file target-v5.tsv (TSV, C-alpha atoms)
chain	number	residue	atom	x	y	z
A	1	MET	CA	19.75	11.18	-37.90
A	2	SER	CA	20.36	13.53	-34.91
A	3	ASP	CA	18.54	13.46	-31.60
A	4	ALA	CA	15.52	15.78	-31.22
A	5	THR	CA	12.83	16.49	-28.67
A	6	ALA	CA	10.89	13.59	-30.13
A	7	GLN	CA	11.42	11.22	-33.02
A	8	VAL	CA	8.97	9.32	-35.22
A	9	LEU	CA	10.48	6.43	-37.18
A	10	PHE	CA	9.13	5.02	-40.45
A	11	VAL	CA	10.31	1.56	-41.47
A	12	ASP	CA	9.76	0.39	-45.06
A	13	ASP	CA	11.93	-1.47	-47.58
A	14	GLU	CA	10.70	0.70	-50.49
A	15	PRO	CA	12.76	3.92	-50.74
A	16	GLU	CA	10.02	5.84	-52.58
A	17	ILE	CA	7.55	5.09	-49.75
A	18	LEU	CA	10.01	6.43	-47.17
A	19	ARG	CA	10.56	9.57	-49.27
A	20	ALA	CA	6.79	10.04	-49.44
A	21	PHE	CA	6.52	9.89	-45.64
A	22	SER	CA	9.31	12.44	-45.28
A	23	ARG	CA	7.74	14.77	-47.86
A	24	ASP	CA	4.18	14.57	-46.48
A	25	LEU	CA	5.23	15.10	-42.84
A	26	GLU	CA	8.04	17.63	-43.30
A	27	SER	CA	6.02	20.74	-42.39
A	28	TRP	CA	4.10	18.93	-39.61
A	29	GLY	CA	7.34	17.71	-38.01
A	30	ARG	CA	8.96	21.15	-38.22
A	31	LEU	CA	5.98	22.82	-36.52
A	32	GLY	CA	5.87	20.26	-33.73
A	33	ASP	CA	9.65	19.98	-33.23
A	34	VAL	CA	9.45	16.31	-34.22
A	35	LYS	CA	12.24	14.56	-36.12
A	36	ILE	CA	11.12	12.17	-38.87
A	37	GLY	CA	13.43	9.16	-39.15
A	38	LEU	CA	13.53	6.77	-42.14
A	39	LEU	CA	14.85	3.21	-41.91
A	40	PRO	CA	14.84	0.53	-44.62
A	41	SER	CA	14.44	-2.61	-42.47
A	42	GLY	CA	13.29	-3.98	-39.15
A	43	GLU	CA	16.83	-5.06	-38.31
A	44	GLU	CA	18.18	-1.52	-38.74
A	45	CYS	CA	15.28	-0.16	-36.71
A	46	LEU	CA	16.13	-2.39	-33.72
A	47	THR	CA	19.80	-1.44	-33.99
A	48	TYR	CA	18.87	2.24	-34.01
A	49	LEU	CA	16.58	1.84	-31.00
A	50	GLU	CA	19.39	0.31	-28.94
A	51	GLN	CA	21.05	3.75	-28.90
A	52	HIS	CA	18.14	6.16	-29.33
A	53	HIS	CA	15.02	4.61	-27.80
A	54	GLN	CA	14.76	7.44	-25.22
A	55	GLN	CA	14.11	9.94	-28.03
A	56	VAL	CA	11.81	7.75	-30.14
A	57	ARG	CA	8.12	8.20	-29.46
A	58	VAL	CA	6.47	6.38	-32.38
A	59	VAL	CA	7.50	3.64	-34.82
A	60	ALA	CA	5.42	3.05	-37.97
A	61	THR	CA	6.37	-0.06	-39.93
A	62	ASP	CA	5.25	-1.64	-43.15
A	63	LEU	CA	3.54	-5.00	-42.74
A	64	ARG	CA	5.42	-6.88	-45.48
A	65	MET	CA	9.14	-6.31	-45.97
A	66	ASN	CA	12.20	-8.25	-47.01
A	67	GLY	CA	13.83	-9.84	-43.97
A	68	MET	CA	12.07	-9.09	-40.70
A	69	GLN	CA	8.32	-8.69	-41.15
A	70	GLY	CA	6.42	-5.78	-39.64
A	71	THR	CA	4.55	-7.87	-37.09
A	72	GLU	CA	7.81	-9.36	-35.81
A	73	LEU	CA	9.34	-5.89	-35.48
A	74	LEU	CA	6.28	-4.66	-33.59
A	75	ARG	CA	6.51	-7.57	-31.13
A	76	HIS	CA	10.19	-6.86	-30.44
A	77	ILE	CA	9.56	-3.16	-29.84
A	78	HIS	CA	6.54	-3.78	-27.63
A	79	GLN	CA	8.50	-6.23	-25.46
A	80	GLN	CA	11.69	-4.16	-25.18
A	81	TYR	CA	10.35	-0.58	-25.31
A	82	PRO	CA	6.72	-0.59	-24.15
A	83	ASP	CA	6.62	3.24	-23.96
A	84	ILE	CA	6.95	3.58	-27.74
A	85	GLY	CA	3.74	3.98	-29.75
A	86	LEU	CA	3.30	1.57	-32.67
A	87	LEU	CA	1.62	2.01	-36.06
A	88	LEU	CA	1.13	-0.56	-38.81
A	89	ILE	CA	1.49	0.46	-42.49
A	90	THR	CA	-0.33	-1.83	-44.86
A	91	ALA	CA	-2.22	-2.06	-48.12
A	92	TYR	CA	-3.09	-5.70	-47.52
A	93	SER	CA	-6.28	-7.17	-46.09
A	94	ASP	CA	-4.33	-9.89	-44.31
A	95	ILE	CA	-6.51	-10.57	-41.27
A	96	GLU	CA	-4.08	-12.96	-39.56
A	97	ALA	CA	-1.15	-10.54	-39.80
A	98	ILE	CA	-3.31	-7.65	-38.60
A	99	GLN	CA	-4.41	-9.74	-35.61
A	100	GLU	CA	-0.75	-10.33	-34.76
A	101	ALA	CA	-0.14	-6.60	-34.94
A	102	VAL	CA	-3.08	-5.90	-32.63
A	103	ALA	CA	-1.61	-8.40	-30.17
A	104	ALA	CA	1.57	-6.32	-30.23
A	105	ALA	CA	-0.44	-3.36	-28.87
A	106	ILE	CA	-0.45	-1.17	-31.96
A	107	SER	CA	-2.12	2.23	-31.63
A	108	GLY	CA	-3.50	2.36	-35.17
A	109	PHE	CA	-3.06	1.78	-38.92
A	110	ILE	CA	-1.70	3.75	-41.84
A	111	LEU	CA	-3.35	2.50	-45.01
A	112	LYS	CA	-1.70	2.80	-48.42
A	113	PRO	CA	-2.37	5.02	-50.25
A	114	TRP	CA	-2.85	7.79	-47.66
A	115	GLU	CA	-3.88	11.40	-47.68
A	116	PRO	CA	-1.16	13.68	-46.18
A	117	GLU	CA	-3.61	15.30	-43.75
A	118	GLN	CA	-4.89	11.92	-42.55
A	119	LEU	CA	-1.32	10.67	-42.18
A	120	ALA	CA	-0.33	13.65	-40.04
A	121	LYS	CA	-3.49	13.30	-37.95
A	122	GLN	CA	-2.84	9.60	-37.26
A	123	VAL	CA	0.80	10.17	-36.30
A	124	GLU	CA	-0.09	13.17	-34.12
A	125	THR	CA	-2.83	11.21	-32.32
A	126	THR	CA	-0.41	8.40	-31.56
A	127	LEU	CA	2.27	10.85	-30.44
A	128	ASP	CA	-0.19	12.56	-28.07
A	129	LEU	CA	-1.20	9.18	-26.64
A	130	VAL	CA	2.43	8.23	-26.01
A	131	GLU	CA	3.22	11.57	-24.32
A	132	SER	CA	0.12	11.22	-22.14
A	133	ARG	CA	1.15	7.72	-21.06
A	134	ARG	CA	4.67	8.92	-20.22
A	135	ALA	CA	3.32	11.84	-18.20
A	136	THR	CA	1.04	9.48	-16.30
A	137	LYS	CA	3.95	7.19	-15.51
A	138	ARG	CA	6.03	10.13	-14.28
A	139	TYR	CA	3.14	11.23	-12.07
A	140	MET	CA	2.67	7.72	-10.70
A	141	ARG	CA	6.39	7.46	-9.89
A	142	GLU	CA	6.23	10.80	-8.09
A	143	LEU	CA	3.12	9.72	-6.19
A	144	GLU	CA	4.75	6.44	-5.22
A	145	ASN	CA	7.76	8.34	-3.89
A	146	HIS	CA	5.44	10.43	-1.71
A	147	VAL	CA	3.71	7.32	-0.37
A	148	LEU	CA	7.05	5.64	0.30
A	149	ALA	CA	8.16	8.73	2.23
A	150	ALA	CA	4.96	8.55	4.29
A	151	ALA	CA	5.54	4.85	4.91
A	152	GLU	CA	9.10	5.56	6.05
A	153	PHE	CA	7.74	8.20	8.43
A	154	GLN	CA	5.30	5.68	9.84
A	155	GLN	CA	7.99	3.10	10.41
A	156	LYS	CA	10.19	5.56	12.28
A	157	VAL	CA	7.58	7.48	14.25
A	158	LEU	CA	4.31	5.56	14.39
A	159	HIS	CA	5.66	2.00	14.54
A	160	PRO	CA	8.39	2.20	17.20
A	161	GLU	CA	10.53	-0.75	18.17
A	162	PRO	CA	9.57	-1.96	21.68
A	163	LEU	CA	12.07	-0.82	24.30
A	164	ALA	CA	13.63	-3.24	26.75
A	165	SER	CA	11.80	-3.50	30.07
A	166	THR	CA	12.50	-5.34	33.32
A	167	ARG	CA	8.78	-6.03	33.73
A	168	LEU	CA	7.70	-6.84	30.18
A	169	ASP	CA	8.72	-8.75	27.09
A	170	LEU	CA	7.23	-6.79	24.19
A	171	GLY	CA	6.63	-7.91	20.62
A	172	VAL	CA	5.01	-6.44	17.51
A	173	HIS	CA	4.13	-7.70	14.05
A	174	SER	CA	2.81	-5.13	11.58
A	175	GLN	CA	2.24	-5.51	7.85
A	176	ALA	CA	0.51	-3.40	5.23
A	177	ALA	CA	-2.31	-4.76	3.13
A	178	ARG	CA	-0.60	-3.66	-0.06
A	179	GLU	CA	2.46	-1.92	-1.40
A	180	PRO	CA	3.72	0.67	-0.82
A	181	TYR	CA	3.73	0.06	2.90
A	182	CYS	CA	1.62	2.94	4.17
A	183	THR	CA	-1.02	1.83	6.66
A	184	GLY	CA	-3.87	3.06	8.80
A	185	ASP	CA	-2.71	1.01	11.81
A	186	TYR	CA	-0.73	2.57	14.66
A	187	TYR	CA	0.58	1.49	18.04
A	188	ASP	CA	2.72	2.82	20.85
A	189	ILE	CA	4.33	1.72	24.11
A	190	VAL	CA	4.68	4.50	26.68
A	191	HIS	CA	6.84	4.17	29.81
A	192	LEU	CA	5.20	6.28	32.51
A	193	SER	CA	7.23	5.10	35.48
A	194	ASN	CA	8.91	2.01	36.89
A	195	ASP	CA	5.46	0.76	37.89
A	196	GLN	CA	3.31	1.88	34.95
A	197	ASN	CA	3.33	1.32	31.21
A	198	ILE	CA	0.74	2.18	28.58
A	199	LEU	CA	0.06	0.04	25.52
A	200	ILE	CA	-1.82	1.72	22.67
A	201	ILE	CA	-3.14	0.23	19.44
A	202	GLY	CA	-5.51	1.75	16.92
A	203	ASP	CA	-6.76	1.88	13.39
A	204	VAL	CA	-7.66	4.64	10.96
A	205	SER	CA	-10.01	3.62	8.16
A	206	GLY	CA	-8.47	3.59	4.72
A	207	HIS	CA	-4.97	3.25	3.29
A	208	GLY	CA	-2.28	5.39	1.70
A	209	ILE	CA	-1.11	8.93	2.39
A	210	LYS	CA	-4.36	10.14	3.95
A	211	ALA	CA	-4.40	7.32	6.50
A	212	ALA	CA	-0.71	7.90	7.26
A	213	PHE	CA	-1.32	11.61	7.73
A	214	VAL	CA	-4.24	11.02	10.12
A	215	THR	CA	-2.26	8.50	12.18
A	216	GLY	CA	0.54	11.05	12.41
A	217	MET	CA	-1.86	13.70	13.70
A	218	ILE	CA	-3.22	11.29	16.30
A	219	LYS	CA	0.32	10.58	17.47
A	220	VAL	CA	0.98	14.31	17.83
A	221	LEU	CA	-2.27	14.87	19.74
A	222	TYR	CA	-1.83	12.13	22.32
A	223	SER	CA	1.92	12.68	22.69
A	224	LYS	CA	1.36	16.39	23.32
A	225	ASN	CA	-1.05	15.70	26.17
A	226	ILE	CA	0.23	12.50	27.72
A	227	ASP	CA	2.56	14.20	30.23
A	228	ALA	CA	-0.29	16.41	31.43
A	229	LEU	CA	-2.49	13.33	31.87
A	230	ARG	CA	-0.06	11.35	34.02
A	231	ASN	CA	-1.59	12.28	37.37
A	232	ILE	CA	-5.24	13.16	36.76
A	233	GLY	CA	-6.86	10.02	38.17
A	234	SER	CA	-8.78	10.21	41.42
A	235	ASP	CA	-5.92	8.43	43.20
A	236	GLY	CA	-3.23	10.53	41.55
A	237	ARG	CA	-2.40	7.85	39.00
A	238	PHE	CA	-2.88	7.74	35.23
A	239	SER	CA	-6.50	7.41	34.06
A	240	VAL	CA	-7.11	5.64	30.75
A	241	THR	CA	-10.69	6.93	30.61
A	242	ALA	CA	-9.55	10.53	31.08
A	243	PHE	CA	-6.90	9.96	28.43
A	244	LEU	CA	-9.41	8.71	25.82
A	245	THR	CA	-11.97	11.37	26.74
A	246	LYS	CA	-9.43	14.18	26.34
A	247	LEU	CA	-8.02	12.71	23.13
A	248	ASN	CA	-11.52	12.35	21.67
A	249	ARG	CA	-12.19	16.05	22.32
A	250	ASP	CA	-8.89	17.03	20.73
A	251	ILE	CA	-9.65	14.96	17.63
A	252	PHE	CA	-13.15	16.44	17.43
A	253	HIS	CA	-11.78	20.01	17.55
A	254	GLU	CA	-8.50	19.64	15.66
A	255	MET	CA	-9.54	17.28	12.86
A	256	PRO	CA	-13.06	18.33	11.73
A	257	SER	CA	-12.16	17.90	8.05
A	258	TYR	CA	-11.61	14.20	8.69
A	259	SER	CA	-15.12	13.51	9.98
A	260	ASP	CA	-15.51	10.78	7.34
A	261	VAL	CA	-12.57	8.84	8.83
A	262	VAL	CA	-13.22	6.23	11.53
A	263	ILE	CA	-10.57	6.32	14.28
A	264	SER	CA	-10.49	3.47	16.80
A	265	MET	CA	-8.16	2.92	19.74
A	266	SER	CA	-7.61	0.57	22.64
A	267	VAL	CA	-5.51	1.66	25.63
A	268	VAL	CA	-4.07	-0.61	28.32
A	269	LEU	CA	-2.50	0.64	31.55
A	270	LEU	CA	-0.24	-1.94	33.19
A	271	ASP	CA	0.27	-1.17	36.87
A	272	PHE	CA	2.87	-3.43	38.49
A	273	GLU	CA	2.44	-1.90	41.94
A	274	THR	CA	-1.17	-3.09	42.07
A	275	SER	CA	-0.67	-6.04	39.64
A	276	THR	CA	-3.56	-4.83	37.51
A	277	MET	CA	-4.41	-4.16	33.88
A	278	THR	CA	-6.91	-1.37	33.13
A	279	VAL	CA	-8.42	-1.20	29.66
A	280	ALA	CA	-10.38	1.57	27.92
A	281	ASN	CA	-11.75	1.17	24.43
A	282	ALA	CA	-12.85	3.53	21.64
A	283	GLY	CA	-14.54	1.42	19.00
A	284	HIS	CA	-11.67	-1.05	18.81
A	285	LEU	CA	-11.40	-4.83	19.17
A	286	PRO	CA	-11.07	-6.60	22.54
A	287	VAL	CA	-7.84	-6.99	24.46
A	288	MET	CA	-7.00	-10.62	25.13
A	289	LEU	CA	-5.42	-11.62	28.44
A	290	LEU	CA	-3.84	-15.07	28.06
A	291	TYR	CA	-2.82	-17.28	30.97
A	292	SER	CA	-2.16	-20.98	31.44
A	293	GLU	CA	-5.77	-21.75	32.40
A	294	GLY	CA	-7.44	-19.89	29.54
A	295	CYS	CA	-8.16	-16.45	28.11
A	296	GLN	CA	-10.04	-13.40	29.29
A	297	ARG	CA	-11.59	-11.15	26.66
A	298	VAL	CA	-11.63	-7.52	27.84
A	299	LEU	CA	-13.86	-5.09	25.93
A	300	PRO	CA	-15.24	-2.03	27.74
A	301	ASN	CA	-17.94	-0.18	25.79
A	302	GLY	CA	-16.85	2.93	23.92
A	303	PRO	CA	-17.52	4.47	20.47
A	304	ALA	CA	-14.91	5.42	17.88
A	305	MET	CA	-13.30	8.82	18.35
A	306	GLY	CA	-14.03	12.20	16.83
A	307	PHE	CA	-17.78	11.94	16.20
A	308	HIS	CA	-19.08	13.48	19.44
A	309	MET	CA	-17.25	16.03	21.57
A	310	ASN	CA	-18.51	14.93	25.00
A	311	THR	CA	-18.16	11.16	24.76
A	312	GLU	CA	-17.29	9.61	28.12
A	313	TYR	CA	-15.36	6.34	28.11
A	314	THR	CA	-15.48	3.50	30.60
A	315	GLU	CA	-12.74	1.17	31.76
A	316	HIS	CA	-12.29	-2.35	33.06
A	317	THR	CA	-9.60	-3.46	35.52
A	318	THR	CA	-8.42	-7.02	36.00
A	319	HIS	CA	-5.61	-8.76	37.88
A	320	ILE	CA	-2.38	-9.74	36.07
A	321	GLY	CA	0.51	-11.92	37.13
A	322	THR	CA	3.84	-13.28	36.00
A	323	GLY	CA	3.52	-15.37	32.85
A	324	ASP	CA	0.33	-13.67	31.67
A	325	ARG	CA	0.34	-12.31	28.12
A	326	ILE	CA	-1.64	-9.29	26.88
A	327	VAL	CA	-2.50	-9.36	23.17
A	328	MET	CA	-3.87	-6.39	21.20
A	329	PHE	CA	-4.58	-6.33	17.46
A	330	THR	CA	-6.32	-4.52	14.60
A	331	ASP	CA	-9.22	-5.89	12.60
A	332	GLY	CA	-6.93	-6.88	9.73
A	333	LEU	CA	-6.01	-9.95	11.77
A	334	THR	CA	-9.57	-11.25	11.81
A	335	GLU	CA	-11.12	-9.92	8.57
A	336	VAL	CA	-9.48	-12.46	6.31
A	337	GLY	CA	-10.37	-14.07	3.03
A	338	GLY	CA	-12.38	-17.28	2.85
A	339	SER	CA	-15.78	-18.41	4.04
A	340	LEU	CA	-15.31	-17.64	7.74
A	341	SER	CA	-14.65	-13.92	8.12
A	342	PRO	CA	-14.33	-12.27	10.50
A	343	ILE	CA	-12.83	-15.14	12.44
A	344	PRO	CA	-15.16	-15.97	15.37
A	345	ASP	CA	-13.82	-15.07	18.81
A	346	ARG	CA	-13.75	-18.70	19.95
A	347	ASP	CA	-11.50	-19.68	17.02
A	348	LEU	CA	-9.24	-16.68	17.45
A	349	ILE	CA	-8.93	-17.34	21.18
A	350	GLU	CA	-8.04	-20.95	20.45
A	351	ILE	CA	-5.30	-19.83	18.04
A	352	LEU	CA	-3.88	-17.29	20.49
A	353	GLN	CA	-4.06	-19.72	23.40
A	354	ASP	CA	-2.22	-22.36	21.37
A	355	CYS	CA	0.54	-19.85	20.52
A	356	HIS	CA	0.71	-18.82	24.17
A	357	MET	CA	1.16	-22.38	25.42
A	358	ARG	CA	3.78	-23.14	22.76
A	359	HIS	CA	5.81	-20.14	23.89
A	360	ILE	CA	5.50	-21.14	27.52
A	361	LYS	CA	6.94	-24.56	26.69
A	362	ASN	CA	9.56	-23.17	24.30
A	363	PRO	CA	10.41	-19.56	25.25
A	364	ALA	CA	11.36	-17.29	22.37
A	365	PRO	CA	11.57	-13.53	21.65
A	366	GLU	CA	8.14	-11.96	22.01
A	367	HIS	CA	7.91	-10.82	18.40
A	368	GLU	CA	7.98	-14.49	17.40
A	369	PHE	CA	4.73	-14.99	19.31
A	370	CYS	CA	3.12	-12.27	17.15
A	371	THR	CA	4.51	-13.75	13.94
A	372	ARG	CA	3.34	-17.24	14.90
A	373	ALA	CA	-0.16	-15.93	15.64
A	374	VAL	CA	-0.36	-14.27	12.21
A	375	ARG	CA	0.81	-17.49	10.50
A	376	GLN	CA	-1.75	-19.59	12.34
A	377	VAL	CA	-4.55	-17.15	11.50
A	378	ALA	CA	-3.48	-17.37	7.85
A	379	ALA	CA	-3.52	-21.18	8.01
A	380	PHE	CA	-7.01	-21.06	9.55
A	381	ALA	CA	-8.25	-18.81	6.73
A	382	VAL	CA	-6.78	-21.11	4.06
A	383	GLU	CA	-8.58	-24.05	5.70
A	384	HIS	CA	-11.77	-22.03	5.18
A	385	ASP	CA	-11.28	-21.37	1.45
A	386	ALA	CA	-9.04	-18.29	1.49
A	387	GLU	CA	-6.47	-17.98	-1.29
A	388	PRO	CA	-2.98	-18.51	0.22
A	389	ASP	CA	-1.56	-15.41	-1.49
A	390	SER	CA	-4.38	-13.07	-0.43
A	391	VAL	CA	-5.40	-14.11	3.09
A	392	PHE	CA	-5.19	-10.65	4.65
A	393	ARG	CA	-7.28	-7.96	3.01
A	394	ASP	CA	-6.43	-5.14	5.41
A	395	ASP	CA	-3.43	-3.87	7.36
A	396	VAL	CA	-2.49	-6.27	10.16
A	397	THR	CA	-0.95	-5.29	13.48
A	398	ILE	CA	-0.60	-7.43	16.59
A	399	LEU	CA	1.07	-6.23	19.81
A	400	SER	CA	1.85	-8.56	22.70
A	401	ALA	CA	3.30	-8.09	26.18
A	402	LEU	CA	4.45	-10.96	28.41
A	403	ILE	CA	4.47	-10.17	32.15
A	404	ARG	CA	7.73	-11.16	33.78
call {"tool": "encode", "arguments": {"input": "target-v5.tsv", "output": "structure tokens"}}
result
Amino acid sequence: MSDATAQVLFVDDEPEILRAFSRDLESWGRLGDVKIGLLPSGEECLTYLEQHHQQVRVVATDLRMNGMQGTELLRHIHQQYPDIGLLLITAYSDIEAIQEAVAAAISGFILKPWEPEQLAKQVETTLDLVESRRATKRYMRELENHVLAAAEFQQKVLHPEPLASTRLDLGVHSQAAREPYCTGDYYDIVHLSNDQNILIIGDVSGHGIKAAFVTGMIKVLYSKNIDALRNIGSDGRFSVTAFLTKLNRDIFHEMPSYSDVVISMSVVLLDFETSTMTVANAGHLPVMLLYSEGCQRVLPNGPAMGFHMNTEYTEHTTHIGTGDRIVMFTDGLTEVGGSLSPIPDRDLIEILQDCHMRHIKNPAPEHEFCTRAVRQVAAFAVEHDAEPDSVFRDDVTILSALIR
């Protein structure tokens, strides 16, 4: 039996039955470029499939045969070659055996005796189903490759590794809600000068390629303008409110087709000359300033970006000193499974403060602070009825900066 575009195998231990299949399907197979294969036993069928399963689309087997029974053959094929369509040939009303065949995911029955037209119709229907499933799998593999490429782009461009700084220890923990790892979270660390650094964190609603594409556009928009915005404050220094206001206008004009997407962002300017932290917010979560005596929650008012062209943002400035830690995060950290979601601010602050004090007593790389915080949030959620394997329901990003 030579290879063809597609093969349909018939397995029966009665030679005259096999000849009848060949005779009744000869013209149908020739028209459809389908090779009809005839095998006398389940054992020979499995041996044949070891070499030719890529060409075989459908296997039709008799229920009762000498040696391997039809239901056993169907189980083997379903387990080893799940892309092959299965048909059961039977003249028996054996309910138990038919139930076993159904459990092996058969696509239909061929009842003895058959009409040639009905036989061809049943085989063709099963063949079409198999080809449709294979096409769907090919499409899904192609789609997954596209998403993986987008995720790789995000990792390289939108999720940069923190650069070394003489003023800051920087750490990041970012994880996608699901595979493949393409998220709506983004962050950035921008070095303006020896005295000024910008920390950015944000979230685009949704997951997958669309979210990755939107985050990429946001990166392009704020990167394109950030140099021009370095010295537009009233005192000649960077203005976080001017930055958000300008970015909001750009998003409004450049991304009108994404008006259904919610884009949030929080921006922190660290100024070491004045020992201050200035925060502006566009619909994002608060920035936490941790110090040995407690925690300050910083949340200036400001709506998400892109909905109104002339939105004006406000800012809040507070003092910072050596040993203080700034923590920024997306809502995936707090919107967890269990009975207490989102996590109340007081509980989240307690978790972050505990991590902060532990790292003061036992210094470690800053990314370990972020990882510890995520683990403790997960433990908190499990204590409040979350399933251990599905604590986080959204993308999670946490960015921290320890002042030296």
call {"tool": "atom_distance", "arguments": {"input": "target-v5.tsv", "atom1": "CA of Lys224 in chain A", "atom2": "CA of Ala242 in chain A"}}
result
14.6 Å
call {"tool": "closest_residue", "arguments": {"input": "target-v5.tsv", "among": "A:Met357, A:Leu9, A:Lys112, A:Pro40", "to": "Leu86 in chain A", "atoms": "only C-alpha atoms"}}
result
A:Leu9
call {"tool": "closest_residue", "arguments": {"input": "target-v5.tsv", "among": "A:Cys355, A:Ile326, A:Leu88, A:Met288", "to": "Thr126 in chain A", "atoms": "all atoms listed in the file"}}
result
A:Leu88
call {"tool": "atom_distance", "arguments": {"input": "target-v5.tsv", "atom1": "CA of Tyr81 in chain A", "atom2": "CA of Ala105 in chain A"}}
result
11.7 Å
call {"tool": "atom_distance", "arguments": {"input": "target-v5.tsv", "atom1": "CA of Ile198 in chain A", "atom2": "CA of Leu269 in chain A"}}
result
4.7 Å
call {"tool": "residues_around", "arguments": {"input": "target-v5.tsv", "residues": "range 20-28 of chain A", "least_positions_apart": "4", "cutoff": "7 Å", "atoms": "all atoms listed in the file", "output": "list in words"}}
result
Glu16, Gly32, Ile36, Pro116 and Ala120 of chain A
call {"tool": "write_last_selection", "arguments": {"input": "target-v5.tsv", "atoms": "C-alpha atoms", "output": "compact mmCIF listing (two decimals), keeping the file's coordinate frame"}}
result
# COMPACT_ATOMS: atom_id res chain seq x y z
CA GLU A 16 10.02 5.84 -52.58
CA GLY A 32 5.87 20.26 -33.73
CA ILE A 36 11.12 12.17 -38.87
CA PRO A 116 -1.16 13.68 -46.18
CA ALA A 120 -0.33 13.65 -40.04
call {"tool": "residues_around", "arguments": {"input": "target-v5.tsv", "residues": "Asp345 in chain A", "least_positions_apart": "6", "cutoff": "10 Å", "atoms": "all atoms listed in the file", "output": "CSV table (one decimal) with C-alpha atoms, in the coordinates of the input"}}
result
chain,number,residue,atom,x,y,z
A,286,PRO,CA,-11.1,-6.6,22.5
A,297,ARG,CA,-11.6,-11.2,26.7
A,334,THR,CA,-9.6,-11.2,11.8
A,351,ILE,CA,-5.3,-19.8,18.0
call {"tool": "residues_near_point", "arguments": {"input": "target-v5.tsv", "point": "(8.0, -7.1, 29.0)", "cutoff": "7 Å", "atoms": "only C-alpha atoms", "output": "PDB file with C-alpha atoms, in the coordinates of the input"}}
result
ATOM      1  CA  SER A 165      11.800  -3.500  30.070  1.00  0.00           C
ATOM      2  CA  THR A 166      12.500  -5.340  33.320  1.00  0.00           C
ATOM      3  CA  ARG A 167       8.780  -6.030  33.730  1.00  0.00           C
ATOM      4  CA  LEU A 168       7.700  -6.840  30.180  1.00  0.00           C
ATOM      5  CA  ASP A 169       8.720  -8.750  27.090  1.00  0.00           C
ATOM      6  CA  LEU A 170       7.230  -6.790  24.190  1.00  0.00           C
ATOM      7  CA  ALA A 401       3.300  -8.090  26.180  1.00  0.00           C
ATOM      8  CA  LEU A 402       4.450 -10.960  28.410  1.00  0.00           C
ATOM      9  CA  ILE A 403       4.470 -10.170  32.150  1.00  0.00           C
ATOM     10  CA  ARG A 404       7.730 -11.160  33.780  1.00  0.00           C
TER      11      ARG A 404
END
call {"tool": "closest_residue", "arguments": {"input": "target-v5.tsv", "among": "A:Val267, A:Leu111, A:Cys182, A:Cys370", "to": "Ile201 in chain A", "atoms": "all atoms listed in the file"}}
result
A:Val267
call {"tool": "closest_residue", "arguments": {"input": "target-v5.tsv", "among": "A:Met140, A:Ala211, A:Pro303, A:Asn310", "to": "Val261 in chain A", "atoms": "all atoms listed in the file"}}
result
A:Ala211
call {"tool": "residues_near_point", "arguments": {"input": "target-v5.tsv", "point": "(-16.6, 3.6, 19.6)", "cutoff": "7 Å", "atoms": "all atoms listed in the file", "output": "list in words"}}
result
Ser264, Ala282, Gly283, His284, Gly302, Pro303, Ala304 and Met305 of chain A
call {"tool": "write_last_selection", "arguments": {"input": "target-v5.tsv", "atoms": "C-alpha atoms", "output": "short mmCIF file (atom, residue, chain, number, x, y, z; two decimals), keeping the file's coordinate frame"}}
result
data_model
loop_
_atom_site.label_atom_id
_atom_site.label_comp_id
_atom_site.auth_asym_id
_atom_site.auth_seq_id
_atom_site.Cartn_x
_atom_site.Cartn_y
_atom_site.Cartn_z
CA SER A 264 -10.49 3.47 16.80
CA ALA A 282 -12.85 3.53 21.64
CA GLY A 283 -14.54 1.42 19.00
CA HIS A 284 -11.67 -1.05 18.81
CA GLY A 302 -16.85 2.93 23.92
CA PRO A 303 -17.52 4.47 20.47
CA ALA A 304 -14.91 5.42 17.88
CA MET A 305 -13.30 8.82 18.35
#
